[in-house]
>>> print(open('start.txt').read())   # compact mmCIF, C-alpha atoms
# COMPACT_ATOMS: atom_id res chain seq x y z
CA MET A 59 -47.40 -2.23 9.39
CA LYS A 60 -47.61 -3.90 5.97
CA THR A 61 -47.87 -0.48 4.29
CA LEU A 62 -44.67 0.64 6.00
CA THR A 63 -42.87 -2.55 4.96
CA ILE A 64 -43.93 -2.08 1.34
CA ALA A 65 -42.74 1.54 1.41
CA VAL A 66 -39.37 0.54 2.83
CA LEU A 67 -38.95 -2.21 0.23
CA LEU A 68 -39.84 0.08 -2.65
CA LEU A 69 -37.46 2.75 -1.36
CA PHE A 70 -34.46 0.43 -1.35
CA MET A 71 -35.26 -1.26 -4.66
CA SER A 72 -35.63 2.01 -6.59
CA TYR A 73 -32.77 3.48 -8.59
CA HIS A 74 -32.96 6.76 -6.69
CA SER A 75 -35.58 9.17 -5.49
CA TYR A 76 -36.06 12.91 -5.82
CA ALA A 77 -34.09 13.55 -2.60
CA GLN A 78 -30.76 12.56 -4.15
CA VAL A 79 -28.53 15.04 -6.01
CA TYR A 80 -26.00 13.61 -8.49
CA ASN A 81 -23.31 14.95 -10.81
CA ASN A 82 -22.84 13.41 -14.24
CA VAL A 83 -19.37 11.82 -14.53
CA THR A 84 -17.54 9.74 -17.12
CA ILE A 85 -15.81 6.51 -16.17
CA TYR A 86 -13.97 3.99 -18.35
CA THR A 87 -14.09 0.25 -18.94
CA PRO A 88 -10.90 -1.88 -18.77
CA SER A 89 -10.54 -1.34 -22.53
CA ASN A 90 -10.91 2.44 -22.14
CA VAL A 91 -14.50 2.81 -23.38
CA ALA A 92 -16.25 5.86 -21.87
CA VAL A 93 -19.31 5.11 -19.73
CA GLY A 94 -21.76 7.65 -18.28
CA ALA A 95 -22.33 7.44 -14.52
CA LEU A 96 -23.72 9.43 -11.60
CA GLN A 97 -21.80 10.61 -8.53
CA LEU A 98 -23.80 11.33 -5.38
CA VAL A 99 -23.52 14.90 -4.07
CA SER A 100 -26.17 14.87 -1.34
CA GLY A 101 -29.29 13.09 -0.14
CA ASP A 102 -27.90 9.78 1.05
CA LEU A 103 -29.75 7.56 3.51
CA THR A 104 -29.77 8.33 7.22
CA SER A 105 -28.20 5.91 9.67
CA THR A 106 -31.68 4.85 10.75
CA GLN A 107 -32.72 4.11 7.18
CA LYS A 108 -29.54 2.12 6.60
CA THR A 109 -30.25 -0.01 9.65
CA GLN A 110 -33.89 -0.50 8.59
CA SER A 111 -32.77 -1.70 5.16
CA LYS A 112 -30.23 -4.12 6.60
CA ASN A 113 -32.70 -5.62 9.08
CA PHE A 114 -35.47 -5.82 6.49
CA TRP A 115 -33.52 -7.93 4.02
CA LEU A 116 -31.88 -10.17 6.64
CA SER A 117 -35.32 -10.92 8.03
CA CYS A 118 -36.77 -11.35 4.55
CA TYR A 119 -34.36 -14.21 3.78
CA ASN A 120 -34.32 -15.56 7.33
CA ASN A 121 -30.61 -14.66 7.72
CA ARG A 122 -29.55 -16.97 4.87
CA ILE A 123 -27.81 -13.95 3.32
CA SER A 124 -24.67 -12.34 4.80
CA TYR A 125 -24.44 -8.59 5.33
CA ILE A 126 -21.20 -7.03 4.01
CA SER A 127 -21.63 -3.26 3.74
CA GLU A 128 -24.22 -0.60 4.49
CA ALA A 129 -27.06 0.66 2.32
CA THR A 130 -26.27 3.80 0.31
CA TYR A 131 -27.32 5.74 -2.77
CA SER A 132 -23.66 6.38 -3.66
CA TYR A 133 -23.29 3.19 -5.75
CA ASN A 134 -25.43 0.34 -7.06
CA CYS A 135 -25.06 -3.24 -8.28
CA HIS A 136 -23.61 -2.40 -11.72
CA ALA A 137 -21.05 0.00 -10.27
CA TYR A 138 -20.01 -2.46 -7.58
CA ALA A 139 -19.63 -5.46 -9.89
CA TRP A 140 -18.04 -3.83 -12.92
CA TYR A 141 -16.24 -0.76 -11.61
CA THR A 142 -15.80 -0.35 -7.83
CA THR A 143 -14.35 -3.83 -7.31
CA GLU A 144 -11.83 -3.09 -10.08
CA GLY A 145 -10.45 -0.08 -8.19
CA GLY A 146 -12.94 2.59 -9.27
CA SER A 147 -14.72 5.09 -7.02
CA ASN A 148 -18.32 4.86 -5.84
CA VAL A 149 -20.69 5.82 -8.67
CA TRP A 150 -24.16 4.84 -9.84
CA ILE A 151 -24.38 3.12 -13.24
CA ASN A 152 -27.82 2.76 -14.80
CA ASP A 153 -28.92 0.31 -17.46
CA PRO A 154 -27.89 0.06 -20.33
CA GLU A 155 -24.51 1.71 -19.61
CA ASP A 156 -23.38 -1.40 -17.73
CA ASP A 157 -23.53 -3.35 -21.00
CA ASP A 158 -20.49 -1.39 -22.23
CA PHE A 159 -18.27 -3.41 -19.90
CA TRP A 160 -18.75 -6.55 -21.93
CA GLY A 161 -20.01 -5.07 -25.19
CA ASP A 162 -16.52 -3.84 -26.17
CA PHE A 163 -14.93 -7.23 -25.35
CA GLY A 164 -13.34 -5.98 -22.13
CA TYR A 165 -15.18 -8.94 -20.63
CA VAL A 166 -16.27 -12.03 -22.54
CA GLU A 167 -19.07 -14.46 -21.78
CA VAL A 168 -18.03 -17.84 -20.39
CA VAL A 169 -19.98 -21.04 -19.79
CA ASN A 170 -20.18 -21.24 -16.00
CA GLN A 171 -19.25 -19.67 -12.68
CA SER A 172 -15.98 -21.58 -12.21
CA SER A 173 -14.16 -19.42 -14.78
CA ALA A 174 -16.20 -16.22 -14.29
CA ASP A 175 -15.57 -12.97 -12.43
CA LYS A 176 -18.93 -11.27 -13.00
CA VAL A 177 -22.60 -12.24 -13.27
CA SER A 178 -25.42 -10.54 -15.14
CA PHE A 179 -29.08 -11.24 -14.32
CA GLY A 180 -30.92 -10.69 -17.59
CA GLY A 181 -34.54 -10.87 -16.52
CA PRO A 182 -37.41 -11.22 -17.12
CA CYS A 183 -37.81 -7.47 -16.72
CA TYR A 184 -40.40 -5.41 -14.89
CA GLN A 185 -42.69 -8.23 -13.85
CA TYR A 186 -44.72 -8.24 -10.66
CA TRP A 187 -42.89 -10.01 -7.83
CA THR A 188 -43.74 -10.93 -4.25
CA THR A 189 -41.02 -11.15 -1.59
CA CYS A 190 -40.69 -13.78 1.07
CA LEU A 191 -42.39 -11.41 3.53
CA GLY A 192 -45.44 -11.03 1.32
CA THR A 193 -44.64 -7.50 0.11
CA SER A 194 -44.89 -6.83 -3.60
CA TYR A 195 -42.91 -4.76 -6.10
CA THR A 196 -42.09 -4.45 -9.78
CA ASN A 197 -38.79 -6.19 -10.64
CA PRO A 198 -36.29 -3.71 -12.18
CA CYS A 199 -34.20 -6.51 -13.80
CA ASP A 200 -30.68 -6.31 -15.28
CA HIS A 201 -28.83 -6.97 -12.03
CA SER A 202 -25.02 -7.40 -11.69
CA ALA A 203 -22.95 -9.38 -9.17
CA ILE A 204 -19.48 -10.80 -8.65
CA THR A 205 -18.76 -14.49 -8.22
CA THR A 206 -17.39 -16.27 -5.17
CA THR A 207 -15.51 -19.55 -4.83
CA THR A 208 -18.75 -21.24 -3.69
CA THR A 209 -21.01 -22.50 -6.48
CA ASP A 210 -24.20 -20.40 -6.92
CA TYR A 211 -23.12 -17.86 -4.29
CA PHE A 212 -22.60 -14.25 -5.37
CA ILE A 213 -21.88 -10.83 -3.83
CA SER A 214 -24.08 -7.97 -5.00
CA LYS A 215 -25.67 -4.70 -3.98
CA TRP A 216 -29.45 -4.44 -4.28
CA GLY A 217 -30.13 -0.95 -5.61
CA ALA A 218 -29.59 1.42 -2.69
CA ALA A 219 -29.87 -1.48 -0.23
CA PRO A 220 -26.83 -3.04 1.46
CA LEU A 221 -24.15 -5.22 -0.08
CA PHE A 222 -24.84 -8.91 0.58
CA ARG A 223 -23.29 -12.33 -0.01
CA HIS A 224 -26.12 -14.60 -1.04
CA HIS A 225 -27.27 -17.69 -2.91
CA LYS A 226 -28.37 -16.80 -6.43
CA ASP A 227 -32.01 -17.53 -5.54
CA ASP A 228 -31.92 -15.52 -2.30
CA CYS A 229 -32.21 -12.06 -3.83
CA PRO A 230 -35.03 -9.92 -5.22
CA TYR A 231 -33.96 -10.35 -8.88
CA SER A 232 -34.97 -13.04 -11.35
CA THR A 233 -32.38 -15.76 -12.03
CA GLN A 234 -34.10 -17.12 -15.14
CA ASP A 235 -31.54 -15.57 -17.50
CA ILE A 236 -28.06 -15.56 -15.88
CA HIS A 237 -24.89 -14.86 -17.87
CA TYR A 238 -21.32 -15.30 -16.65
CA TYR A 239 -18.45 -13.04 -17.72
CA ALA A 240 -14.67 -13.16 -17.34
CA LYS A 241 -12.15 -10.43 -17.94
CA LEU A 242 -9.79 -10.70 -20.90
CA GLU A 243 -6.40 -10.38 -19.25
CA ILE A 244 -2.77 -11.43 -19.38
CA SER A 245 -1.35 -13.77 -16.76
CA GLY A 246 2.30 -14.59 -16.17
CA PRO A 247 5.27 -13.86 -13.88
CA THR A 248 5.74 -10.30 -12.62
CA ILE A 249 9.54 -10.74 -12.60
CA LEU A 250 11.12 -11.72 -15.92
CA CYS A 251 14.67 -13.14 -15.94
CA SER A 252 16.99 -14.14 -18.78
CA SER A 253 15.60 -17.68 -18.49
CA GLY A 254 12.28 -16.36 -19.79
CA GLY A 255 8.66 -16.42 -18.74
CA SER A 256 5.38 -17.58 -20.32
CA TYR A 257 2.44 -15.19 -20.71
CA THR A 258 -1.11 -16.27 -21.51
CA ILE A 259 -4.33 -14.49 -22.41
CA SER A 260 -7.15 -16.22 -20.61
CA ASN A 261 -10.73 -16.52 -21.87
CA LEU A 262 -9.75 -15.79 -25.45
CA PRO A 263 -12.81 -16.19 -27.73
CA SER A 264 -12.58 -18.75 -30.51
CA GLY A 265 -11.35 -17.38 -33.85
CA SER A 266 -9.46 -14.45 -32.26
CA THR A 267 -5.88 -13.53 -33.16
CA ILE A 268 -3.25 -11.85 -30.97
CA THR A 269 -0.57 -9.26 -31.64
CA TRP A 270 1.84 -9.07 -28.68
CA ASN A 271 3.44 -5.77 -27.64
CA ASN A 272 6.12 -5.00 -25.05
CA GLY A 273 8.20 -2.22 -23.53
CA SER A 274 11.93 -1.84 -22.96
CA PHE A 275 14.21 -4.52 -21.45
CA VAL A 276 12.03 -7.35 -22.87
CA THR A 277 12.38 -9.52 -26.01
CA ARG A 278 9.66 -11.77 -27.41
CA GLN A 279 10.98 -15.29 -27.99
CA SER A 280 7.86 -17.09 -29.28
CA ALA A 281 6.27 -16.47 -32.66
CA GLN A 282 3.96 -13.48 -32.90
CA GLY A 283 0.41 -14.52 -32.04
CA SER A 284 1.37 -17.47 -29.83
CA ASN A 285 -0.73 -18.12 -26.77
CA PRO A 286 1.03 -18.71 -24.45
CA CYS A 287 3.94 -16.51 -25.55
CA THR A 288 7.47 -16.57 -24.09
CA PHE A 289 9.41 -13.37 -23.35
CA VAL A 290 12.96 -13.04 -21.98
CA SER A 291 14.75 -10.28 -20.11
CA SER A 292 17.13 -8.19 -22.22
CA GLY A 293 17.94 -5.54 -19.61
CA HIS A 294 16.86 -4.50 -16.14
CA GLY A 295 14.10 -2.10 -15.22
CA SER A 296 10.36 -1.61 -14.96
CA THR A 297 8.51 -2.48 -18.16
CA TRP A 298 5.31 -4.05 -19.52
CA ILE A 299 3.74 -6.65 -21.79
CA SER A 300 0.46 -6.13 -23.63
CA ALA A 301 -1.52 -7.52 -26.55
CA THR A 302 -4.01 -6.39 -29.18
CA ILE A 303 -6.79 -8.89 -29.84
CA ASN A 304 -8.62 -9.05 -33.17
CA PHE A 305 -11.92 -10.83 -32.75
CA GLY A 306 -13.07 -13.20 -35.49
CA GLY A 307 -16.47 -11.55 -35.72
CA GLY A 308 -14.99 -8.05 -35.94
CA GLY A 309 -13.65 -5.54 -33.45
CA THR A 310 -10.33 -5.19 -31.68
CA ILE A 311 -9.17 -4.45 -28.17
CA THR A 312 -5.76 -3.59 -26.73
CA LEU A 313 -5.41 -5.05 -23.26
CA PRO A 314 -4.05 -2.90 -20.42
CA HIS A 315 -0.32 -3.18 -19.75
CA PHE A 316 0.72 -6.15 -17.64
CA ASN A 317 3.50 -4.55 -15.58
CA VAL A 318 6.66 -6.59 -15.00
CA TRP A 319 10.18 -6.10 -13.69
CA SER A 320 12.86 -7.29 -16.07
CA GLY A 321 16.20 -8.59 -14.80
CA ILE A 322 18.19 -7.89 -11.66
CA PRO A 323 17.42 -4.85 -9.47
CA ALA A 324 18.55 -1.44 -10.74
CA LEU A 325 21.13 0.09 -8.40
CA THR A 326 23.52 2.81 -9.56
CA SER A 327 24.75 4.75 -6.52
CA LEU A 328 24.41 5.41 -2.81
CA SER A 329 23.65 8.83 -1.34
CA GLY A 330 24.12 10.11 2.20
CA PRO A 331 24.32 13.29 4.26
CA SER A 332 26.68 15.80 2.71
CA PRO A 333 28.46 17.98 3.54
CA PHE A 334 29.42 16.88 7.04
CA TYR A 335 31.32 19.25 9.32
CA ASP A 336 33.99 20.30 6.80
CA GLU A 337 33.17 16.98 5.05
CA TYR A 338 33.42 15.07 8.34
CA GLY A 339 30.71 13.31 10.32
CA CYS A 340 30.68 13.03 14.09
CA THR A 341 30.95 10.01 16.36
CA GLY A 342 27.79 8.94 18.14
CA GLN A 343 25.42 10.63 15.66
CA PRO A 344 22.97 8.91 13.26
CA TYR A 345 23.48 9.35 9.50
CA SER A 346 21.04 8.08 6.87
CA PHE A 347 21.95 6.62 3.48
CA TRP A 348 19.68 5.79 0.54
CA THR A 349 20.00 4.04 -2.79
CA ASN A 350 19.64 5.49 -6.28
CA PRO A 351 17.20 4.69 -7.69
CA ALA A 352 14.80 4.00 -4.85
CA ARG A 353 13.35 0.51 -4.55
CA ASP A 354 10.76 -0.37 -7.19
CA ALA A 355 8.13 -2.65 -5.65
CA LEU A 356 7.88 -4.62 -8.91
CA SER A 357 11.51 -5.67 -8.59
CA GLN A 358 10.79 -7.48 -5.29
CA SER A 359 14.31 -6.57 -4.24
CA SER A 360 15.87 -7.31 -0.87
CA TYR A 361 18.86 -5.22 0.21
CA GLU A 362 22.11 -6.19 1.90
CA TRP A 363 23.92 -3.43 3.81
CA ALA A 364 27.46 -3.45 5.20
CA VAL A 365 30.00 -1.06 6.73
CA GLU A 366 33.77 -1.41 6.41
CA PRO A 367 36.08 -1.65 8.27
CA SER A 368 33.93 -4.07 10.22
CA TYR A 369 36.26 -4.12 13.23
CA PHE A 370 35.47 -0.50 14.21
CA SER A 371 32.50 0.27 16.48
CA TRP A 372 29.39 1.14 14.48
CA TYR A 373 25.80 -0.11 14.28
CA PHE A 374 22.66 0.21 12.17
CA GLN A 375 20.16 2.33 14.07
CA SER A 376 17.48 1.47 11.48
CA GLN A 377 17.45 -0.40 8.21
CA TYR A 378 14.67 -0.99 5.66
CA ASN A 379 15.29 -2.08 2.09
CA ASP A 380 16.65 0.94 0.18
CA TRP A 381 17.69 3.11 3.14
CA ALA A 382 19.61 2.66 6.37
CA THR A 383 20.74 4.81 9.29
CA VAL A 384 24.21 4.20 10.74
CA VAL A 385 25.78 5.41 13.99
CA PHE A 386 29.61 5.47 14.02
CA ASN A 387 31.13 5.22 17.50
CA ASP A 388 34.81 5.23 16.50
CA PRO A 389 36.54 8.00 14.54
CA ASN A 390 37.89 6.80 11.20
CA GLU A 391 38.74 8.66 8.01
CA TYR A 392 37.83 5.81 5.66
CA TYR A 393 34.47 4.28 6.52
CA GLN A 394 32.75 2.69 3.52
CA VAL A 395 28.96 2.21 3.62
CA ARG A 396 27.95 -0.41 1.03
CA VAL A 397 24.72 -1.92 -0.31
CA ARG A 398 23.54 -4.30 -3.01
CA ALA A 399 20.08 -5.49 -4.07
CA THR A 400 18.92 -9.01 -4.93
CA ASN A 401 15.81 -10.56 -6.51
CA THR A 402 15.06 -13.93 -8.11
CA CYS A 403 17.04 -12.93 -11.23
CA GLY A 404 20.25 -12.24 -9.29
CA ALA A 405 22.15 -9.52 -7.44
CA SER A 406 23.26 -6.03 -8.46
CA ASN A 407 26.82 -4.81 -8.04
CA TRP A 408 27.80 -3.31 -4.69
CA VAL A 409 27.58 0.49 -4.57
CA TYR A 410 29.18 2.50 -1.79
CA LYS A 411 29.80 5.91 -0.23
CA MET A 412 32.92 6.94 1.67
CA VAL A 413 32.42 8.58 5.07
CA SER A 414 34.96 10.30 7.34
CA ILE A 415 34.04 10.33 11.03
CA THR A 416 35.76 12.34 13.76
CA ASP A 417 35.20 13.27 17.42
CA CYS A 418 33.48 16.59 16.86
CA TYR A 419 32.88 17.06 20.60
CA ARG A 420 34.44 15.21 23.49
CA PHE A 421 33.24 15.66 27.05
CA LEU A 422 35.54 14.58 29.85
CA LEU A 423 34.28 13.85 33.38
CA TYR A 424 36.51 13.80 36.50
CA PRO A 425 37.09 12.69 39.14
CA ASN A 426 35.49 9.32 38.49
CA PRO A 427 34.74 7.68 40.95
CA ALA A 428 33.44 10.85 42.64
CA SER A 429 31.74 11.88 45.89
CA GLY A 430 31.11 15.65 46.29
CA GLU A 431 31.11 17.12 42.79
CA VAL A 432 32.38 16.32 39.31
CA THR A 433 33.87 18.55 36.63
CA ILE A 434 32.86 18.22 33.01
CA SER A 435 35.10 19.80 30.38
CA LEU A 436 34.60 20.15 26.63
CA THR A 437 37.27 19.56 24.01
CA VAL A 438 36.59 20.25 20.33
CA ALA A 439 38.09 18.59 17.27
CA GLU A 440 40.02 20.83 14.87
CA SER A 441 37.46 20.06 12.14
CA VAL A 442 34.63 21.75 14.06
CA LYS A 443 33.81 25.36 13.22
CA LYS A 444 33.80 27.78 16.15
CA GLU A 445 30.17 28.82 15.61
CA GLU A 446 29.11 25.16 15.76
CA VAL A 447 30.40 24.67 19.35
CA PRO A 448 27.38 24.56 21.73
CA SER A 449 27.17 27.53 24.12
CA ASN A 450 24.74 25.76 26.46
CA VAL A 451 24.14 22.11 27.24
CA LEU A 452 21.55 20.27 29.28
CA VAL A 453 23.13 17.97 31.87
CA ARG A 454 21.09 15.15 33.40
CA VAL A 455 22.16 12.49 35.93
CA THR A 456 20.13 9.27 36.01
CA ASP A 457 20.54 5.77 37.34
CA ASN A 458 20.27 2.64 35.23
CA SER A 459 16.51 2.45 35.80
CA GLY A 460 16.00 5.96 34.35
CA ILE A 461 15.32 7.89 37.59
CA THR A 462 16.65 11.47 37.31
CA TYR A 463 18.70 12.84 40.25
CA TYR A 464 19.98 16.04 38.66
CA SER A 465 19.01 18.20 35.67
CA GLY A 466 20.40 21.61 34.79
CA THR A 467 21.67 23.84 32.00
CA LYS A 468 25.39 24.59 31.87
CA GLY A 469 27.63 26.71 29.66
CA GLY A 470 31.30 27.22 28.90
CA ASP A 471 34.16 24.85 28.22
CA SER A 472 34.21 23.55 31.82
CA PHE A 473 31.62 23.34 34.60
CA THR A 474 30.81 21.36 37.75
CA ILE A 475 27.71 19.53 38.92
CA PRO A 476 26.90 18.40 42.51
CA VAL A 477 26.71 14.67 43.26
CA SER A 478 26.95 14.67 47.07
CA ASN A 479 23.30 13.57 47.37
CA LEU A 480 23.91 10.35 45.40
CA LYS A 481 24.33 6.97 47.01
CA ASP A 482 27.18 4.69 46.06
CA GLY A 483 26.61 3.04 42.70
CA ASN A 484 26.67 3.48 38.94
CA TYR A 485 25.00 6.43 37.17
CA ILE A 486 24.77 7.96 33.71
CA VAL A 487 25.59 11.60 32.97
CA SER A 488 23.74 12.65 29.80
CA ILE A 489 24.94 15.79 27.99
CA ILE A 490 22.33 17.02 25.51
CA TYR A 491 23.02 19.70 22.90
CA ASP A 492 21.72 20.61 19.41
CA GLY A 493 19.49 17.53 19.30
CA LYS A 494 22.48 15.30 20.11
CA ILE A 495 23.35 13.37 23.25
CA GLU A 496 26.52 11.97 24.82
CA ASN A 497 26.27 9.56 27.75
CA LEU A 498 29.16 9.30 30.23
CA PRO A 499 29.39 6.63 32.94
CA LEU A 500 29.73 7.93 36.52
CA ILE A 501 30.68 5.94 39.61
CA ILE A 502 29.77 7.32 43.04
CA LYS A 503 31.90 6.15 45.97
CA ASN A 504 31.55 8.07 49.25
>>> encode(input="start.txt", output="structure tokens")
Amino acid sequence: MKTLTIAVLLLFMSYHSYAQVYNNVTIYTPSNVAVGALQLVSGDLTSTQKTQSKNFWLSCYNNRISYISEATYSYNCHAYAWYTTEGGSNVWINDPEDDDFWGDFGYVEVVNQSSADKVSFGGPCYQYWTTCLGTSYTNPCDHSAITTTTTDYFISKWGAAPLFRHHKDDCPYSTQDIHYYAKLEISGPTILCSSGGSYTISNLPSGSTITWNNGSFVTRQSAQGSNPCTFVSSGHGSTWISATINFGGGGTITLPHFNVWSGIPALTSLSGPSPFYDEYGCTGQPYSFWTNPARDALSQSSYEWAVEPSYFSWYFQSQYNDWATVVFNDPNEYYQVRVRATNTCGASNWVYKMVSITDCYRFLLYPNPASGEVTISLTVAESVKKEEVPSNVLVRVTDNSGITYYSGTKGGDSFTIPVSNLKDGNYIVSIIYDGKIENLPLIIKN
């Protein structure tokens, strides 16, 4: 039994065995330095092996560690800490390639965990260790982890073993030489108004100097090199702020763009369905409208929609930020659909689109109240083209609870349907054609 336990432990502590097939790939640090990595093609652990690994380590540390994600050969501790958690894909990064993430100043060493994002276990390397279960192995040092908000608790992946949350001493790596690292990055507001906003580079090493850079719609107000540095909006649109850092001991790095929205939302026009029937829309039908440009998430815009004249019958069938669907129940030649966008910097101008709505089809039902049968006749507005008049319609009679009493296909400008089997009460006659529907009220009185 002990031999099996040792074999399992060695399997999950190793970098990878002969069974795995990898492709060589190139990934990049936050400062765009190329790093060699491996991408698993085949030979991952079976579900049984993954369960064995999970149970082994939980038992080893008497459940003081917390299981997060399954064992796999697709990524390891370095990849998880430095790359995967920053939005990268699953890869395997061997030592010393992981050193590139802080060696080019993308990350800088800090004093303690409270200001750190990442942790590096430096060694000692390749010494003979004994686990809490009495099994032995050679320590493959140079481990990586990410910090948590709890002092001395990290999250890390142990080779091909699972991902765990654990105390720094509850893991199979030496904690005698721990180093903490924080990312060099810009912090500040993501929306910049004319009142200005302050941007700071955190974790800046002593003796470093800054050269600030920015995109359109933004003006630097503070002196070059200030930290923090104030920028103000000089237009509206999506833009960015960045900085090049010159380190006192040599070397430079240009930080990734910090994306911001400058000023009020951009809104230039409103689009909608066109052409209508001879430039006319129809009553009772949904029509969608959308803004130009579409909503930019950075702008954090909310949208206010309106339809004029407000005293006619219309309603929003659906509405979400930069688009809305309107149903017009009353014919009117001069509907105006309007919208404006607002964020913390202010509101855009209203933009609008004119819409003409007419009764393209009109179905008449008589007699009403009825007893034996009813006649339904079709009248067509002058604006409707002859070929657009439906030749067949589906007629359905239901009560207010949705129970169907009649359903049939009819054609022509006038037709009858039987209603002699209906009890006294209120019903709905639905006329369905070309994906459209008109509902007519029907009263039965025998």
>>> closest_atom_pairs(input="start.txt", of="segment 205-261 of chain A", to="segment 297-309 of chain A", cutoff="12 Å", atoms="only C-alpha atoms", output="Markdown table")
| residue | atom | partner | partner_atom | distance |
| --- | --- | --- | --- | --- |
| A:Leu242 | CA | A:Ile303 | CA | 9.6 |
| A:Glu243 | CA | A:Ser300 | CA | 9.2 |
| A:Ile244 | CA | A:Ser300 | CA | 7.5 |
| A:Ser245 | CA | A:Ile299 | CA | 10.1 |
| A:Gly246 | CA | A:Ile299 | CA | 9.8 |
| A:Pro247 | CA | A:Ile299 | CA | 10.8 |
| A:Thr248 | CA | A:Trp298 | CA | 9.3 |
| A:Ile249 | CA | A:Thr297 | CA | 10.0 |
| A:Leu250 | CA | A:Thr297 | CA | 9.9 |
| A:Gly255 | CA | A:Ile299 | CA | 11.4 |
| A:Ser256 | CA | A:Ile299 | CA | 11.1 |
| A:Tyr257 | CA | A:Ile299 | CA | 8.7 |
| A:Thr258 | CA | A:Ala301 | CA | 10.1 |
| A:Ile259 | CA | A:Ala301 | CA | 8.6 |
| A:Ser260 | CA | A:Ile303 | CA | 11.8 |
| A:Asn261 | CA | A:Ile303 | CA | 11.7 |
>>> residues_around(input="start.txt", residues="Glu167 of chain A", least_positions_apart="6", cutoff="8 Å", atoms="only C-alpha atoms", output="list in words")
Trp160, His237, Tyr238, Tyr239 and Ala240 of chain A
>>> write_last_selection(input="start.txt", atoms="C-alpha atoms", output="tab-separated table (two decimals), in the frame of the given file")
chain	number	residue	atom	x	y	z
A	160	TRP	CA	-18.75	-6.55	-21.93
A	237	HIS	CA	-24.89	-14.86	-17.87
A	238	TYR	CA	-21.32	-15.30	-16.65
A	239	TYR	CA	-18.45	-13.04	-17.72
A	240	ALA	CA	-14.67	-13.16	-17.34
>>> closest_atom_pairs(input="start.txt", of="segment 309-358 of chain A", to="segment 269-290 of chain A", cutoff="12 Å", atoms="only C-alpha atoms", output="Markdown table")
| residue | atom | partner | partner_atom | distance |
| --- | --- | --- | --- | --- |
| A:Thr310 | CA | A:Thr269 | CA | 10.6 |
| A:Ile311 | CA | A:Thr269 | CA | 10.4 |
| A:Thr312 | CA | A:Thr269 | CA | 9.1 |
| A:Leu313 | CA | A:Asn271 | CA | 9.9 |
| A:Pro314 | CA | A:Asn271 | CA | 10.8 |
| A:His315 | CA | A:Asn272 | CA | 8.5 |
| A:Phe316 | CA | A:Asn272 | CA | 9.2 |
| A:Asn317 | CA | A:Gly273 | CA | 9.5 |
| A:Val318 | CA | A:Val276 | CA | 9.6 |
| A:Trp319 | CA | A:Phe275 | CA | 8.9 |
| A:Ser320 | CA | A:Phe275 | CA | 6.2 |
| A:Gly321 | CA | A:Phe275 | CA | 8.0 |
| A:Ile322 | CA | A:Phe275 | CA | 11.1 |
| A:Ala324 | CA | A:Phe275 | CA | 12.0 |
>>> closest_residue(input="start.txt", among="A:Gln110, A:Thr341, A:Ser173, A:Thr267", to="Arg420 of chain A", atoms="only C-alpha atoms")
A:Thr341
>>> residues_around(input="start.txt", residues="Gly330 of chain A", least_positions_apart="3", cutoff="7 Å", atoms="only C-alpha atoms", output="ChimeraX atom specification")
/A:346-348
>>> closest_residue(input="start.txt", among="A:Leu221, A:Val166, A:Ala399, A:Ala382", to="Asp354 of chain A", atoms="all atoms listed in the file")
A:Ala399
>>> residues_around(input="start.txt", residues="Ser147 of chain A", least_positions_apart="4", cutoff="10 Å", atoms="only C-alpha atoms", output="JSON, numbers by chain")
{"A": [85, 97, 132, 133, 137, 138, 141, 142, 143]}
>>> residues_near_point(input="start.txt", point="(-22.4, -7.8, -21.1)", cutoff="10 Å", atoms="all atoms listed in the file", output="ChimeraX atom specification")
/A:154-167,176-178,180,202,237-239
>>> atom_distance(input="start.txt", atom1="atom CA of Ser406 of chain A", atom2="atom CA of Tyr392 of chain A")
23.5 Å
>>> build_atoms(input="start.txt", residues="segment 138-145 of chain A", atoms="N, CA and C atoms", output="PDB file, in the coordinates of the input")
ATOM      1  N   TYR A 138     -20.790  -1.592  -8.447  1.00  0.00           N
ATOM      2  CA  TYR A 138     -20.010  -2.460  -7.580  1.00  0.00           C
ATOM      3  C   TYR A 138     -19.356  -3.585  -8.373  1.00  0.00           C
ATOM      4  N   ALA A 139     -20.140  -4.276  -9.192  1.00  0.00           N
ATOM      5  CA  ALA A 139     -19.630  -5.460  -9.890  1.00  0.00           C
ATOM      6  C   ALA A 139     -18.597  -5.117 -10.945  1.00  0.00           C
ATOM      7  N   TRP A 140     -18.863  -4.078 -11.735  1.00  0.00           N
ATOM      8  CA  TRP A 140     -18.040  -3.830 -12.920  1.00  0.00           C
ATOM      9  C   TRP A 140     -16.961  -2.769 -12.712  1.00  0.00           C
ATOM     10  N   TYR A 141     -17.129  -1.920 -11.706  1.00  0.00           N
ATOM     11  CA  TYR A 141     -16.240  -0.760 -11.610  1.00  0.00           C
ATOM     12  C   TYR A 141     -15.571  -0.622 -10.239  1.00  0.00           C
ATOM     13  N   THR A 142     -16.375  -0.586  -9.162  1.00  0.00           N
ATOM     14  CA  THR A 142     -15.800  -0.350  -7.830  1.00  0.00           C
ATOM     15  C   THR A 142     -14.836  -1.457  -7.419  1.00  0.00           C
ATOM     16  N   THR A 143     -15.214  -2.715  -7.686  1.00  0.00           N
ATOM     17  CA  THR A 143     -14.350  -3.830  -7.310  1.00  0.00           C
ATOM     18  C   THR A 143     -13.093  -3.915  -8.163  1.00  0.00           C
ATOM     19  N   GLU A 144     -13.024  -3.134  -9.236  1.00  0.00           N
ATOM     20  CA  GLU A 144     -11.830  -3.090 -10.080  1.00  0.00           C
ATOM     21  C   GLU A 144     -10.970  -1.866  -9.755  1.00  0.00           C
ATOM     22  N   GLY A 145     -11.263  -1.217  -8.623  1.00  0.00           N
ATOM     23  CA  GLY A 145     -10.450  -0.080  -8.190  1.00  0.00           C
ATOM     24  C   GLY A 145     -11.076   1.269  -8.440  1.00  0.00           C
TER      25      GLY A 145
END
